[in-house]
file work01.csv (CSV, C-alpha atoms)
chain,number,residue,atom,x,y,z
S,18,MET,CA,-43.6,190.4,61.5
S,19,SER,CA,-44.8,193.4,63.4
S,20,SER,CA,-48.2,195.1,62.9
S,21,ILE,CA,-46.6,198.0,61.1
S,22,THR,CA,-45.3,195.9,58.2
S,23,ASP,CA,-47.1,196.5,54.9
S,24,VAL,CA,-48.4,193.5,53.0
S,25,VAL,CA,-49.1,193.8,49.3
S,26,ILE,CA,-51.4,191.2,47.8
S,27,ALA,CA,-51.2,190.6,44.1
S,28,GLY,CA,-54.7,189.5,43.1
S,29,GLY,CA,-58.1,190.9,44.1
S,30,GLY,CA,-60.2,187.8,43.8
S,31,VAL,CA,-61.9,186.1,46.7
S,32,ILE,CA,-58.6,184.7,48.0
S,33,GLY,CA,-56.7,187.9,48.0
S,34,CYS,CA,-59.6,189.9,49.5
S,35,SER,CA,-60.1,187.3,52.2
S,36,ILE,CA,-56.5,187.5,53.2
S,37,ALA,CA,-56.7,191.3,53.2
S,38,TYR,CA,-59.8,191.2,55.5
S,39,HIS,CA,-58.2,188.9,58.0
S,40,LEU,CA,-55.0,190.9,58.0
S,41,ARG,CA,-56.9,194.1,58.6
S,42,LYS,CA,-58.7,192.4,61.5
S,43,ALA,CA,-55.2,191.8,62.9
S,44,GLY,CA,-54.3,195.5,62.4
S,45,VAL,CA,-51.9,194.9,59.5
S,46,PRO,CA,-51.7,197.6,56.8
S,47,VAL,CA,-52.5,195.9,53.5
S,48,THR,CA,-52.8,196.8,49.8
S,49,VAL,CA,-54.6,194.7,47.2
S,50,ILE,CA,-53.6,195.1,43.6
S,51,ASP,CA,-55.5,193.7,40.6
S,52,GLN,CA,-54.9,194.0,36.9
S,53,GLY,CA,-58.7,194.3,36.3
S,54,GLU,CA,-61.7,194.9,38.5
S,55,ILE,CA,-61.6,193.6,42.0
S,56,GLY,CA,-63.4,190.2,42.1
S,57,ALA,CA,-64.3,190.2,38.4
S,58,GLU,CA,-62.8,186.9,37.3
S,59,ALA,CA,-63.3,183.4,38.7
S,60,SER,CA,-64.6,184.7,42.0
S,61,SER,CA,-67.7,186.2,40.3
S,62,ALA,CA,-68.1,183.4,37.7
S,63,ALA,CA,-68.4,180.7,40.3
S,64,ALA,CA,-71.7,179.1,41.3
S,65,GLY,CA,-71.1,179.5,45.0
S,66,LEU,CA,-71.6,175.9,46.0
S,67,LEU,CA,-70.4,175.0,49.5
S,68,ALA,CA,-70.7,171.2,48.9
S,69,PRO,CA,-67.4,169.6,49.9
S,70,LEU,CA,-68.1,165.9,49.5
S,71,GLY,CA,-67.7,165.8,45.7
S,72,SER,CA,-64.2,167.3,45.8
S,73,LEU,CA,-62.9,164.7,48.3
S,74,ALA,CA,-61.6,161.2,47.8
S,75,GLY,CA,-61.8,160.5,51.5
S,76,PRO,CA,-59.9,161.5,54.7
S,77,GLY,CA,-56.6,163.3,54.4
S,78,PRO,CA,-55.0,166.8,54.5
S,79,PHE,CA,-57.2,168.2,51.7
S,80,ALA,CA,-60.3,166.9,53.5
S,81,ASP,CA,-59.2,168.5,56.7
S,82,LEU,CA,-58.6,171.8,54.9
S,83,LEU,CA,-61.8,171.9,53.0
S,84,LEU,CA,-64.0,170.8,55.9
S,85,ALA,CA,-62.4,173.3,58.2
S,86,SER,CA,-63.2,176.1,55.7
S,87,PHE,CA,-66.8,174.7,55.2
S,88,ALA,CA,-67.3,174.8,59.0
S,89,LEU,CA,-66.4,178.5,59.2
S,90,PHE,CA,-69.2,179.8,57.0
S,91,PRO,CA,-72.1,179.8,59.5
S,92,THR,CA,-70.3,182.2,61.7
S,93,LEU,CA,-68.3,184.0,59.0
S,94,VAL,CA,-71.3,185.0,56.9
S,95,PRO,CA,-73.0,187.2,59.6
S,96,GLU,CA,-69.7,188.6,60.6
S,97,LEU,CA,-68.9,189.6,57.0
S,98,GLU,CA,-72.4,190.9,56.3
S,99,ASP,CA,-72.1,193.2,59.4
S,100,ALA,CA,-68.6,194.3,58.4
S,101,SER,CA,-69.4,195.0,54.8
S,102,GLY,CA,-73.2,195.7,54.5
S,103,VAL,CA,-73.3,193.1,51.7
S,104,ARG,CA,-75.8,190.2,51.8
S,105,MET,CA,-74.4,186.9,50.6
S,106,GLU,CA,-77.5,184.8,50.3
S,107,TYR,CA,-76.0,181.9,52.3
S,108,GLU,CA,-78.4,179.0,52.7
S,109,ARG,CA,-78.2,175.4,53.7
S,110,THR,CA,-80.3,173.8,50.9
S,111,GLY,CA,-78.8,170.3,51.1
S,112,ALA,CA,-77.5,168.4,48.1
S,113,LEU,CA,-78.5,165.2,46.2
S,114,ARG,CA,-76.0,163.2,44.3
S,115,VAL,CA,-78.1,161.2,41.9
S,116,VAL,CA,-77.7,158.1,39.7
S,117,ARG,CA,-79.8,157.5,36.5
S,118,ASN,CA,-78.1,154.2,35.5
S,119,ALA,CA,-78.2,151.3,37.8
S,120,LYS,CA,-74.7,150.3,36.7
S,121,ASN,CA,-73.4,153.4,38.5
S,122,VAL,CA,-75.0,152.7,41.8
S,123,PRO,CA,-72.1,150.7,43.2
S,124,ASN,CA,-69.7,153.6,42.4
S,125,LEU,CA,-71.9,156.0,44.4
S,126,ARG,CA,-72.1,153.5,47.3
S,127,LYS,CA,-68.3,153.2,47.2
S,128,ARG,CA,-67.9,157.0,47.4
S,129,MET,CA,-70.4,157.2,50.3
S,130,LYS,CA,-68.3,154.7,52.2
S,131,ALA,CA,-65.2,156.7,51.5
S,132,TRP,CA,-67.0,159.9,52.7
S,133,GLN,CA,-68.5,158.4,55.9
S,134,PRO,CA,-65.4,159.1,58.1
S,135,LEU,CA,-65.5,162.8,57.2
S,136,GLY,CA,-68.4,163.4,59.7
S,137,LEU,CA,-71.0,165.0,57.4
S,138,HIS,CA,-74.5,163.6,57.6
S,139,MET,CA,-75.5,161.5,54.6
S,140,ARG,CA,-78.5,159.4,53.8
S,141,TRP,CA,-78.9,156.8,51.0
S,142,LEU,CA,-82.2,157.1,49.1
S,143,SER,CA,-84.0,155.0,46.5
S,144,GLY,CA,-85.1,156.7,43.4
S,145,GLU,CA,-88.6,157.0,44.7
S,146,GLU,CA,-87.4,158.4,48.0
S,147,ALA,CA,-85.3,160.9,46.1
S,148,ARG,CA,-88.3,162.1,44.1
S,149,GLN,CA,-90.3,162.5,47.3
S,150,LEU,CA,-87.6,164.9,48.5
S,151,GLU,CA,-87.2,166.5,45.1
S,152,PRO,CA,-90.3,166.0,42.9
S,153,THR,CA,-88.6,167.5,39.8
S,154,LEU,CA,-86.1,164.7,39.4
S,155,ALA,CA,-86.2,162.5,36.3
S,156,PRO,CA,-88.2,159.3,36.6
S,157,ASP,CA,-85.1,157.2,35.7
S,158,VAL,CA,-83.2,158.4,38.8
S,159,CYS,CA,-82.7,155.1,40.6
S,160,ALA,CA,-80.7,156.1,43.7
S,161,ALA,CA,-79.3,159.2,45.4
S,162,LEU,CA,-77.1,160.3,48.3
S,163,TYR,CA,-78.6,163.1,50.4
S,164,ALA,CA,-76.2,165.4,52.2
S,165,PRO,CA,-78.5,167.9,54.1
S,166,GLU,CA,-75.6,170.1,55.5
S,167,GLU,CA,-74.2,171.1,52.1
S,168,SER,CA,-74.9,174.7,51.3
S,169,GLN,CA,-74.5,177.5,48.8
S,170,ILE,CA,-73.9,181.2,48.7
S,171,LYS,CA,-73.8,183.9,46.0
S,172,ALA,CA,-70.2,183.9,44.9
S,173,ALA,CA,-70.0,187.5,43.5
S,174,GLN,CA,-71.3,188.8,46.8
S,175,VAL,CA,-68.7,186.8,48.8
S,176,VAL,CA,-65.8,188.5,47.1
S,177,LYS,CA,-67.6,191.8,47.3
S,178,ALA,CA,-68.2,191.4,51.0
S,179,PHE,CA,-64.5,190.5,51.7
S,180,ALA,CA,-63.3,193.4,49.6
S,181,GLN,CA,-65.7,195.9,51.2
S,182,ALA,CA,-65.1,194.7,54.7
S,183,ALA,CA,-61.3,194.9,54.2
S,184,ALA,CA,-61.7,198.5,52.7
S,185,ASN,CA,-64.0,199.5,55.7
S,186,LEU,CA,-61.2,198.4,58.0
S,187,GLY,CA,-58.6,200.5,56.1
S,188,ALA,CA,-57.2,198.2,53.3
S,189,THR,CA,-56.2,199.9,50.1
S,190,LEU,CA,-57.7,198.3,46.9
S,191,LEU,CA,-56.1,199.2,43.6
S,192,SER,CA,-57.9,198.0,40.5
S,193,HIS,CA,-56.7,198.1,36.8
S,194,THR,CA,-53.1,198.1,38.0
S,195,ARG,CA,-50.7,195.7,36.3
S,196,ILE,CA,-47.5,194.7,38.0
S,197,GLU,CA,-44.7,194.7,35.5
S,198,GLY,CA,-41.6,194.0,37.7
S,199,ILE,CA,-40.1,193.8,41.1
S,200,GLN,CA,-37.3,195.4,43.0
S,201,GLN,CA,-35.3,193.2,45.3
S,202,GLN,CA,-32.5,193.0,47.8
S,203,HIS,CA,-31.0,189.5,47.9
S,204,ASP,CA,-33.9,187.2,48.8
S,205,ARG,CA,-36.4,189.9,49.6
S,206,VAL,CA,-38.9,191.7,47.3
S,207,THR,CA,-38.7,195.4,48.3
S,208,ALA,CA,-41.1,197.0,45.8
S,209,LEU,CA,-43.4,196.3,42.9
S,210,ILE,CA,-43.3,198.2,39.7
S,211,THR,CA,-46.6,198.9,37.9
S,212,SER,CA,-47.3,199.4,34.2
S,213,GLN,CA,-47.8,203.1,35.0
S,214,GLY,CA,-44.3,203.3,36.4
S,215,ASP,CA,-45.3,203.6,40.0
S,216,ILE,CA,-43.2,202.0,42.7
S,217,ILE,CA,-45.1,200.3,45.5
S,218,PRO,CA,-42.9,199.5,48.5
S,219,CYS,CA,-43.4,196.0,49.7
S,220,HIS,CA,-42.4,194.4,53.0
S,221,GLN,CA,-44.4,191.3,52.4
S,222,LEU,CA,-45.8,190.1,49.1
S,223,VAL,CA,-48.6,187.6,48.6
S,224,ILE,CA,-49.3,186.0,45.3
S,225,ALA,CA,-53.0,185.4,44.9
S,226,SER,CA,-53.4,185.9,41.2
S,227,GLY,CA,-55.6,182.9,40.4
S,228,ALA,CA,-55.3,181.6,36.9
S,229,TRP,CA,-52.7,184.3,36.1
S,230,SER,CA,-50.3,183.2,38.9
S,231,ALA,CA,-47.9,181.5,36.5
S,232,GLN,CA,-46.9,184.9,35.2
S,233,TRP,CA,-44.9,185.3,38.5
S,234,SER,CA,-42.7,182.3,37.6
S,235,ALA,CA,-40.2,184.4,35.7
S,236,LEU,CA,-40.2,187.3,38.1
S,237,LEU,CA,-39.6,185.1,41.1
S,238,HIS,CA,-37.5,182.3,39.4
S,239,ILE,CA,-39.8,179.6,40.7
S,240,GLU,CA,-42.2,177.3,38.8
S,241,LEU,CA,-45.9,178.1,39.6
S,242,ALA,CA,-47.7,175.4,37.7
S,243,VAL,CA,-51.1,177.0,37.6
S,244,ILE,CA,-53.1,177.0,34.4
S,245,PRO,CA,-56.5,178.4,33.5
S,246,GLN,CA,-59.3,175.9,33.2
S,247,ARG,CA,-62.5,177.3,31.5
S,248,GLY,CA,-65.8,176.6,33.1
S,249,GLN,CA,-68.9,177.5,31.1
S,250,ILE,CA,-72.1,177.9,33.1
S,251,LEU,CA,-75.7,179.1,32.6
S,252,ALA,CA,-78.8,180.2,34.5
S,253,LEU,CA,-82.3,179.0,33.7
S,254,ARG,CA,-85.6,180.1,35.1
S,255,GLN,CA,-87.0,177.9,37.8
S,256,PRO,CA,-89.3,175.2,36.6
S,257,VAL,CA,-92.8,174.5,38.2
S,258,PRO,CA,-92.6,173.1,40.8
S,259,PRO,CA,-89.3,174.8,41.6
S,260,LEU,CA,-86.1,172.9,42.3
S,261,ARG,CA,-85.3,173.0,46.1
S,262,HIS,CA,-81.9,171.2,46.5
S,263,ILE,CA,-78.5,171.3,44.8
S,264,ILE,CA,-78.4,168.3,42.4
S,265,PHE,CA,-75.2,166.6,41.3
S,266,GLY,CA,-75.3,164.1,38.5
S,267,GLU,CA,-73.9,163.2,35.1
S,268,ALA,CA,-70.7,165.2,35.9
S,269,ALA,CA,-72.8,168.4,36.3
S,270,TYR,CA,-74.7,170.3,39.0
S,271,LEU,CA,-77.9,172.3,39.2
S,272,ALA,CA,-78.3,174.9,42.0
S,273,PRO,CA,-81.5,176.8,42.8
S,274,LYS,CA,-80.9,180.4,43.6
S,275,GLN,CA,-82.9,183.0,45.5
S,276,ASP,CA,-83.4,185.1,42.3
S,277,GLY,CA,-85.7,182.4,40.8
S,278,THR,CA,-83.0,180.8,38.6
S,279,VAL,CA,-81.3,177.4,38.5
S,280,VAL,CA,-77.6,177.7,37.9
S,281,VAL,CA,-76.2,174.8,35.7
S,282,GLY,CA,-72.5,174.0,35.5
S,283,ALA,CA,-69.9,173.5,34.5
S,284,THR,CA,-67.5,172.5,31.7
S,285,ARG,CA,-63.8,171.8,32.4
S,286,GLU,CA,-61.7,172.8,29.5
S,287,GLU,CA,-58.0,173.6,29.2
S,288,VAL,CA,-58.1,176.1,26.4
S,289,GLY,CA,-55.8,178.8,27.8
S,290,PHE,CA,-57.1,182.3,28.6
S,291,ASP,CA,-60.2,181.9,26.3
S,292,LYS,CA,-63.5,182.8,28.0
S,293,HIS,CA,-65.7,182.4,24.9
S,294,LEU,CA,-68.9,180.4,25.2
S,295,THR,CA,-69.1,177.4,22.8
S,296,ALA,CA,-72.1,175.7,21.2
S,297,GLY,CA,-70.9,172.4,22.4
S,298,GLY,CA,-70.4,173.5,26.0
S,299,ILE,CA,-73.8,175.1,26.3
S,300,ALA,CA,-75.5,172.2,24.5
S,301,TRP,CA,-74.0,169.8,27.0
S,302,LEU,CA,-75.1,171.8,29.9
S,303,LEU,CA,-78.7,172.1,28.6
S,304,SER,CA,-78.9,168.5,27.7
S,305,THR,CA,-77.6,167.3,31.0
S,306,ALA,CA,-79.9,169.7,33.0
S,307,LYS,CA,-82.9,168.5,31.1
S,308,GLY,CA,-82.0,164.9,31.6
S,309,LEU,CA,-81.8,165.4,35.4
S,310,ILE,CA,-84.8,167.7,35.7
S,311,PRO,CA,-87.1,167.2,32.6
S,312,SER,CA,-89.3,170.2,33.4
S,313,LEU,CA,-86.3,172.5,32.7
S,314,GLU,CA,-86.9,171.9,29.0
S,315,HIS,CA,-89.5,174.7,29.1
S,316,SER,CA,-87.3,177.1,31.2
S,317,ALA,CA,-86.0,180.4,29.7
S,318,ILE,CA,-82.3,180.9,29.5
S,319,GLU,CA,-81.5,183.9,31.7
S,320,ARG,CA,-77.8,184.2,31.0
S,321,MET,CA,-74.6,182.3,30.1
S,322,TRP,CA,-71.1,183.0,31.1
S,323,ALA,CA,-67.6,181.5,31.5
S,324,GLY,CA,-64.8,181.9,34.0
S,325,LEU,CA,-61.2,180.6,34.4
S,326,ARG,CA,-60.4,178.4,37.3
S,327,PRO,CA,-56.7,178.4,38.6
S,328,LYS,CA,-55.9,174.7,38.1
S,329,THR,CA,-52.8,172.9,39.4
S,330,PRO,CA,-51.5,169.5,38.2
S,331,ASP,CA,-52.8,167.7,41.3
S,332,ASN,CA,-56.0,169.8,41.7
S,333,LEU,CA,-54.8,171.1,45.1
S,334,PRO,CA,-54.0,174.7,46.2
S,335,ILE,CA,-50.6,176.1,46.7
S,336,LEU,CA,-50.3,177.7,50.1
S,337,GLY,CA,-47.3,178.9,52.0
S,338,PRO,CA,-43.9,180.6,51.6
S,339,ALA,CA,-42.3,180.8,48.2
S,340,PRO,CA,-39.1,178.8,48.0
S,341,GLY,CA,-36.0,181.0,47.9
S,342,TRP,CA,-37.7,184.1,49.1
S,343,GLU,CA,-37.8,185.5,52.6
S,344,ASN,CA,-40.9,187.6,52.2
S,345,VAL,CA,-43.1,186.1,49.4
S,346,THR,CA,-46.1,183.9,50.2
S,347,LEU,CA,-48.2,181.9,47.8
S,348,ALA,CA,-52.0,181.5,47.9
S,349,THR,CA,-53.2,180.2,44.6
S,350,GLY,CA,-54.4,177.2,42.6
S,351,HIS,CA,-57.7,176.8,44.4
S,352,GLY,CA,-59.4,175.4,41.3
S,353,SER,CA,-63.1,174.8,41.5
S,354,VAL,CA,-63.3,175.3,45.3
S,355,GLY,CA,-62.0,178.9,45.7
S,356,ILE,CA,-65.1,180.2,47.2
S,357,MET,CA,-65.4,177.3,49.7
S,358,LEU,CA,-61.7,177.6,50.6
S,359,SER,CA,-61.7,181.3,50.9
S,360,ALA,CA,-62.6,181.3,54.6
S,361,ILE,CA,-59.7,179.1,55.8
S,362,THR,CA,-57.2,180.5,53.3
S,363,GLY,CA,-57.7,184.1,54.5
S,364,GLN,CA,-57.5,183.0,58.1
S,365,ALA,CA,-54.5,180.7,57.8
S,366,LEU,CA,-52.5,183.0,55.5
S,367,ALA,CA,-53.1,186.0,57.8
S,368,GLU,CA,-51.8,183.9,60.7
S,369,LEU,CA,-48.7,182.9,58.7
S,370,LEU,CA,-48.0,186.5,57.8
S,371,VAL,CA,-48.5,187.8,61.3
S,372,ALA,CA,-46.8,185.0,63.3
S,373,GLY,CA,-44.2,183.9,60.7
S,374,VAL,CA,-45.1,180.3,61.0
S,375,ALA,CA,-47.4,178.3,58.7
S,376,PRO,CA,-50.4,176.8,60.5
S,377,GLU,CA,-50.3,173.0,60.5
S,378,LEU,CA,-53.4,172.8,58.4
S,379,ILE,CA,-51.8,174.4,55.3
S,380,ARG,CA,-48.3,172.9,55.5
S,381,PRO,CA,-49.0,170.0,53.2
S,382,PHE,CA,-49.9,172.5,50.5
S,383,ALA,CA,-46.5,174.1,50.1
S,384,LEU,CA,-45.3,174.5,46.6
S,385,VAL,CA,-43.1,171.4,47.1
S,386,ARG,CA,-45.3,168.9,48.8
S,387,PRO,CA,-45.8,165.2,49.6
S,388,ALA,CA,-46.8,163.0,46.7
S,389,ASP,CA,-49.6,161.2,48.6
S,390,LEU,CA,-52.0,164.2,48.7
S,391,SER,CA,-55.2,163.6,46.7
S,392,ALA,CA,-58.3,165.4,45.6
S,393,GLU,CA,-61.4,163.9,44.0
S,394,ASP,CA,-62.1,167.0,41.8
S,395,ALA,CA,-65.2,165.3,40.6
S,396,HIS,CA,-67.8,167.9,41.5
S,397,GLY,CA,-66.0,171.0,42.5
S,398,GLU,CA,-67.6,174.3,43.5
S,399,TRP,CA,-68.1,175.4,39.9
call {"tool": "encode", "arguments": {"input": "work01.csv", "output": "structure tokens"}}
result
Amino acid sequence: MSSITDVVIAGGGVIGCSIAYHLRKAGVPVTVIDQGEIGAEASSAAAGLLAPLGSLAGPGPFADLLLASFALFPTLVPELEDASGVRMEYERTGALRVVRNAKNVPNLRKRMKAWQPLGLHMRWLSGEEARQLEPTLAPDVCAALYAPEESQIKAAQVVKAFAQAAANLGATLLSHTRIEGIQQQHDRVTALITSQGDIIPCHQLVIASGAWSAQWSALLHIELAVIPQRGQILALRQPVPPLRHIIFGEAAYLAPKQDGTVVVGATREEVGFDKHLTAGGIAWLLSTAKGLIPSLEHSAIERMWAGLRPKTPDNLPILGPAPGWENVTLATGHGSVGIMLSAITGQALAELLVAGVAPELIRPFALVRPADLSAEDAHGEW
């Protein structure tokens, strides 16, 4: 497409805003439309973990995609902070994946062996070595895998930075605007119809609607198998001494933040579009956190919240052209790694929209894709 072609992005989360930013860097006019506030849903609910290992079963297309995105953050963060004026609190804290039951040690060793070809630094630690690195760990931690390169960022600031940087470059951001229908000519979407009755001309349409993406299935006559998955999460005050590393264990994570809190997450519940907190979910988070870091028993609860991840049946994103449409592109289903995948998704989708050819890295993630793709989805981003 030429640089004068307008792109409309349906969805103002971190994925939609990242695509908008990269398109504006390429000089492409772009409008982002969201039915609520820009970045107010999963993008702001996330913990901001940039810790790829737990989401990977081993080498393969998904590992290539995730690690390519992970590798972009050290240069993307200062670029975005300069372009937006938003500080994102990026820091390489390192992560410990810990085992409290000796019966689970072989499983962690097996996962370490599967991850070794990926190229990230890893070190096996005894329980005592892990407590030397992180003194707050429970005394029954008997082994740990240390990944010093794994990092974190403040998720709400990431989407804010992408949105502000895109706006500073001339993107139009429309919040509280619901899309009710489309106008089309043959296999092209020509305009979007809003609930206010406005007609928004559209030369290219990008679906980046997160957990709400399936609502496009009827309009586009394709099956977008994306469902909401609730994640409950909470923040506790730092214990004394403070936690210094991201901790993964017992199917949960704990992440020390710069505001003096420890973020604890997260449940994985398929309950539709229900963002209520539950006694059971919060009790599990608190119990697991205390089991891993006993001193958290005395920590005050700062806040609790929930978000809706966009989950696909195979826990992999959907990236690329929409079947049957000449000018519709899909960028959804990022699950628990939306923040981590935002860098490569924005870059790759902008390249696709500008050049008209999907980059090799995202081709396996078309709506109709190979059956041998796999994702661990054990410790996603939130």
call {"tool": "residues_near_point", "arguments": {"input": "work01.csv", "point": "(-74.2, 156.1, 32.6)", "cutoff": "12 Å", "atoms": "all atoms listed in the file", "output": "list in words"}}
result
Val115, Val116, Arg117, Asn118, Ala119, Lys120, Asn121, Val122, Asn124, Asp157, Val158, Cys159, Gly266, Glu267, Ala268, Thr305 and Gly308 of chain S
call {"tool": "residues_around", "arguments": {"input": "work01.csv", "residues": "Ala88 (chain S)", "least_positions_apart": "3", "cutoff": "12 Å", "atoms": "all atoms listed in the file", "output": "ChimeraX atom specification"}}
result
/S:67-69,80-85,91-94,136-137,166-168,357-361
call {"tool": "residues_near_point", "arguments": {"input": "work01.csv", "point": "(-50.5, 191.1, 45.5)", "cutoff": "8 Å", "atoms": "all atoms listed in the file", "output": "ChimeraX atom specification"}}
result
/S:25-29,33,48-51,222-226
call {"tool": "closest_residue", "arguments": {"input": "work01.csv", "among": "S:Thr349, S:Gln202, S:Ser60, S:Ser230", "to": "Gly30 (chain S)", "atoms": "only C-alpha atoms"}}
result
S:Ser60
call {"tool": "atom_distance", "arguments": {"input": "work01.csv", "atom1": "CA of Val176 (chain S)", "atom2": "CA of Gly227 (chain S)"}}
result
13.4 Å
call {"tool": "closest_residue", "arguments": {"input": "work01.csv", "among": "S:Ala172, S:Ile244, S:Val371, S:Leu135", "to": "Gly355 (chain S)", "atoms": "only C-alpha atoms"}}
result
S:Ala172
call {"tool": "residues_around", "arguments": {"input": "work01.csv", "residues": "region 313-322 of chain S", "least_positions_apart": "3", "cutoff": "8 Å", "atoms": "all atoms listed in the file", "output": "MDAnalysis selection string"}}
result
chainID S and resid 62 249:256 278 294 306:307 310
call {"tool": "atom_distance", "arguments": {"input": "work01.csv", "atom1": "CA of Trp301 (chain S)", "atom2": "CA of Gln275 (chain S)"}}
result
24.4 Å
call {"tool": "closest_residue", "arguments": {"input": "work01.csv", "among": "S:His138, S:Arg41, S:Arg326, S:Arg104", "to": "Gln364 (chain S)", "atoms": "all atoms listed in the file"}}
result
S:Arg41
call {"tool": "closest_residue", "arguments": {"input": "work01.csv", "among": "S:Glu286, S:Glu146, S:Glu54, S:Glu343", "to": "Thr207 (chain S)", "atoms": "only C-alpha atoms"}}
result
S:Glu343
call {"tool": "residues_around", "arguments": {"input": "work01.csv", "residues": "Leu70 (chain S)", "least_positions_apart": "5", "cutoff": "12 Å", "atoms": "all atoms listed in the file", "output": "count of residues only"}}
result
42
call {"tool": "closest_residue", "arguments": {"input": "work01.csv", "among": "S:His351, S:Arg109, S:Arg261, S:His238", "to": "Ile170 (chain S)", "atoms": "only C-alpha atoms"}}
result
S:Arg109
call {"tool": "closest_residue", "arguments": {"input": "work01.csv", "among": "S:Val47, S:Leu154, S:Leu260, S:Leu336", "to": "Pro381 (chain S)", "atoms": "all atoms listed in the file"}}
result
S:Leu336
call {"tool": "atom_distance", "arguments": {"input": "work01.csv", "atom1": "CA of Pro311 (chain S)", "atom2": "CA of Pro156 (chain S)"}}
result
8.9 Å
call {"tool": "residues_around", "arguments": {"input": "work01.csv", "residues": "Leu325 (chain S)", "least_positions_apart": "4", "cutoff": "9 Å", "atoms": "all atoms listed in the file", "output": "ChimeraX atom specification"}}
result
/S:58-59,62,227-228,244-249,289-292,352
call {"tool": "residues_around", "arguments": {"input": "work01.csv", "residues": "Tyr38 (chain S)", "least_positions_apart": "3", "cutoff": "7 Å", "atoms": "only C-alpha atoms", "output": "PyMOL selection string"}}
result
chain S and resi 34-35+41-42+179+182-183
